[in-house]
Amino acid sequence: MEEAPVYVYLTRHGQTLTNQTGRFVSGRGNTPLTEEGRKVAYAVGLGLSGVKFEAAYASTLGRTQETARIILSQSQTSRDLEIIPVEDLKEVDGGSYEPMSYAELMTDEGMQFSGVTTEEFTNQFHEKDPEGLAESYEQMKDRAFESFQRICEETAQNGGGNILMVAHGGINSMIAAEIMQEQELEPLDNSSIVLIEYKDHTYTVLDFNDLSYAQKAQEKMESPDPVEIYLTVHAETAADAAMRLNGQLDTALTENGQAQAAELGKALGIWSLRPCMPAINSRISIPHGSSWKTAR
């Protein structure tokens with residue numbers, strides 16, 4: 001059976017407190033997003049708001065779950081999707097090194113953080129961990145890449161489409177490295193996207209470390225489109241017809257007032273007068289006559 005193409009928006013979680021303070025990639029720790037992390041995740045959601053997702057997945061750690069919720073909250077079509085937790089998408093286990101900062105690791109353990117491949121970066125923790133708890137690259141790949149492939153294949157069999165998957169820097173880099181057969185990749189930024197196509201049983205990385213969705217949304221937030229506000233006066237009321245002061249009295253529209261409002265509504269072609277009145281104030285915000293350019 002021919003399978004439909006799948007597009008995976010593989011997203012790294014937003015900035016966390018440990019990312020901000022330069023601690024070791026928090027691995028299995030459940031560190032919350034910073035305010036900046038939430039802001040950028042929100043911008044990513046705005047940038048992806050027009051993408052219809054068939055499903056959404058995230059690791060079981062809080063920072064990925066929160067990032068996924070923020071992104072989906074801005075979606076025009078996928079806001080109500082359930083976020084499916086995937087245990088195997090959790091970050092690589094740093095073992096006894098997780099509480100340490102990069103500075104401490106470089107001084108005390110002689111770790112290398114530049115000029116090394118994704119595989120070498122991961123394996124040095126596994127090899128040097130005195131307690132033998134840190135995960136190796138192969139161990140991480142065996143669980144996470146297998147789950148990634150299973151999700152893609154199941155989605156293709158069910159009609160394909162776009163899926164949102166929020167995971168971690170180590171996991172996302174490993175998946176991209178395996179598909180591209182390229183280990184010397186730049187580190188992934190928080191909230192960046194690796195766009196992957198699965199088609200005809202073949203995986204292709206279309207974009208890597210893409211921050212354009214967030215950047216475009218942030219630019220729009222900083223320079224929003226102009227908004228025109230048409231301030232209108234209600235149509236004729238019984239008090240108006242009797243030349244009395246309306247003030248805060250809740251007086252109904254006259255037949256003439258309703259005709260004015262209906263005529264203006266027809267002229268604008270935006271809305272039609274309904275027989276029921278608003279619950280709080282029975283006046284309808286339409287100006288006297290139909291000569292003003294107004295909008296609801």
# chains A, B, ... in the order shown; residues from 1 in each chain; ligands from 1
$ select_by_dssp --residues "segment 125-222 of chain A" --states "strand (DSSP E or B)" --output "VMD selection string"
chain A and resid 161 to 167 193 to 199 202 to 210
$ select_by_dssp --residues "segment 109-232 of chain A" --states "helix (DSSP H, G or I)" --output "MDAnalysis selection string"
chainID A and resid 118:128 137:157 169:180 212:222
$ residues_around --residues "Phe145 of chain A" --least-positions-apart "2" --cutoff "12 Å" --atoms "only C-alpha atoms" --output "ChimeraX atom specification"
/A:86,88-90,137-143,147-152,167,170-179,203
$ write_last_selection --atoms "N, CA and C atoms" --output "CSV table (one decimal), in the first residue's frame"
chain,number,residue,atom,x,y,z
A,86,VAL,N,5.5,10.6,25.0
A,86,VAL,CA,6.3,9.5,24.6
A,86,VAL,C,7.6,9.4,25.5
A,88,ASP,N,10.1,7.5,25.4
A,88,ASP,CA,11.4,7.3,24.7
A,88,ASP,C,12.0,8.5,24.1
A,89,LEU,N,11.2,9.6,24.1
A,89,LEU,CA,11.7,10.9,23.5
A,89,LEU,C,12.4,11.7,24.6
A,90,LYS,N,12.5,11.2,25.8
A,90,LYS,CA,13.2,12.0,26.9
A,90,LYS,C,14.6,12.2,26.5
A,137,TYR,N,25.5,7.0,23.3
A,137,TYR,CA,24.8,7.4,22.0
A,137,TYR,C,23.9,6.3,21.5
A,138,GLU,N,24.5,5.1,21.5
A,138,GLU,CA,23.8,4.0,20.9
A,138,GLU,C,22.5,3.7,21.8
A,139,GLN,N,22.6,3.8,23.1
A,139,GLN,CA,21.5,3.5,23.9
A,139,GLN,C,20.4,4.6,23.7
A,140,MET,N,20.8,5.8,23.5
A,140,MET,CA,19.8,6.9,23.2
A,140,MET,C,19.2,6.6,21.9
A,141,LYS,N,20.0,6.3,20.9
A,141,LYS,CA,19.5,6.1,19.5
A,141,LYS,C,18.5,4.9,19.5
A,142,ASP,N,18.8,3.8,20.2
A,142,ASP,CA,18.0,2.6,20.1
A,142,ASP,C,16.6,2.9,20.6
A,143,ARG,N,16.4,3.7,21.6
A,143,ARG,CA,15.1,4.0,22.1
A,143,ARG,C,14.4,5.1,21.4
A,147,SER,N,11.4,5.0,18.2
A,147,SER,CA,10.0,5.6,18.5
A,147,SER,C,9.7,6.6,17.4
A,148,PHE,N,10.7,7.4,17.1
A,148,PHE,CA,10.5,8.4,16.0
A,148,PHE,C,10.0,7.8,14.7
A,149,GLN,N,10.7,6.7,14.3
A,149,GLN,CA,10.3,6.0,13.1
A,149,GLN,C,8.9,5.4,13.2
A,150,ARG,N,8.6,4.8,14.3
A,150,ARG,CA,7.3,4.2,14.5
A,150,ARG,C,6.2,5.2,14.3
A,151,ILE,N,6.4,6.4,14.9
A,151,ILE,CA,5.4,7.4,14.8
A,151,ILE,C,5.2,7.9,13.4
A,152,CYS,N,6.3,8.0,12.7
A,152,CYS,CA,6.2,8.4,11.2
A,152,CYS,C,5.5,7.4,10.4
A,167,ALA,N,10.8,17.7,21.5
A,167,ALA,CA,11.8,16.9,22.3
A,167,ALA,C,12.9,17.7,22.7
A,170,GLY,N,19.6,17.0,22.5
A,170,GLY,CA,20.3,15.8,22.2
A,170,GLY,C,19.6,14.9,21.4
A,171,ILE,N,18.3,14.7,21.7
A,171,ILE,CA,17.4,13.8,20.9
A,171,ILE,C,17.3,14.3,19.5
A,172,ASN,N,16.9,15.5,19.3
A,172,ASN,CA,16.7,16.1,18.0
A,172,ASN,C,17.9,16.1,17.1
A,173,SER,N,19.1,16.4,17.7
A,173,SER,CA,20.4,16.4,17.0
A,173,SER,C,20.7,14.9,16.6
A,174,MET,N,20.4,14.0,17.4
A,174,MET,CA,20.7,12.6,17.1
A,174,MET,C,19.8,12.1,15.9
A,175,ILE,N,18.5,12.5,15.9
A,175,ILE,CA,17.6,12.1,14.8
A,175,ILE,C,18.1,12.7,13.5
A,176,ALA,N,18.4,14.0,13.6
A,176,ALA,CA,18.9,14.7,12.3
A,176,ALA,C,20.2,14.1,11.8
A,177,ALA,N,21.1,13.8,12.8
A,177,ALA,CA,22.4,13.2,12.4
A,177,ALA,C,22.2,11.9,11.7
A,178,GLU,N,21.3,11.0,12.3
A,178,GLU,CA,21.1,9.7,11.7
A,178,GLU,C,20.5,9.8,10.3
A,179,ILE,N,19.6,10.7,10.1
A,179,ILE,CA,19.0,10.9,8.8
A,179,ILE,C,19.9,11.4,7.8
A,203,TYR,N,13.6,9.1,4.7
A,203,TYR,CA,13.6,10.3,5.6
A,203,TYR,C,14.5,11.4,5.0
$ atom_distance --atom1 "atom CA of Phe208 of chain A" --atom2 "atom CA of Val8 of chain A"
11.9 Å
$ residues_around --residues "His13 of chain A" --least-positions-apart "3" --cutoff "12 Å" --atoms "only C-alpha atoms" --output "ChimeraX atom specification"
/A:10,16,19,25-26,30-34,36-42,44,58-71,89-91,164-172,188-193
$ residues_around --residues "Phe53 of chain A" --least-positions-apart "2" --cutoff "9 Å" --atoms "only C-alpha atoms" --output "ChimeraX atom specification"
/A:51,55-56,75,77-78,81,161-164
$ closest_atom_pairs --of "segment 150-234 of chain A" --to "segment 250-265 of chain A" --cutoff "12 Å" --atoms "only C-alpha atoms" --output "JSON lines"
{"residue": "A:Thr232", "atom": "CA", "partner": "A:Ala261", "partner_atom": "CA", "distance": 11.3}
{"residue": "A:Val233", "atom": "CA", "partner": "A:Ala261", "partner_atom": "CA", "distance": 10.7}
{"residue": "A:His234", "atom": "CA", "partner": "A:Gly257", "partner_atom": "CA", "distance": 8.4}
$ closest_residue --among "A:Glu153, A:Glu120, A:Asp80, A:Glu186" --to "His201 of chain A" --atoms "only C-alpha atoms"
A:Glu153
$ atom_distance --atom1 "atom CA of Glu3 of chain A" --atom2 "atom CA of Tyr57 of chain A"
20.5 Å
$ closest_residue --among "A:Ala217, A:Tyr97, A:Glu131, A:Leu249" --to "Gly50 of chain A" --atoms "only C-alpha atoms"
A:Ala217
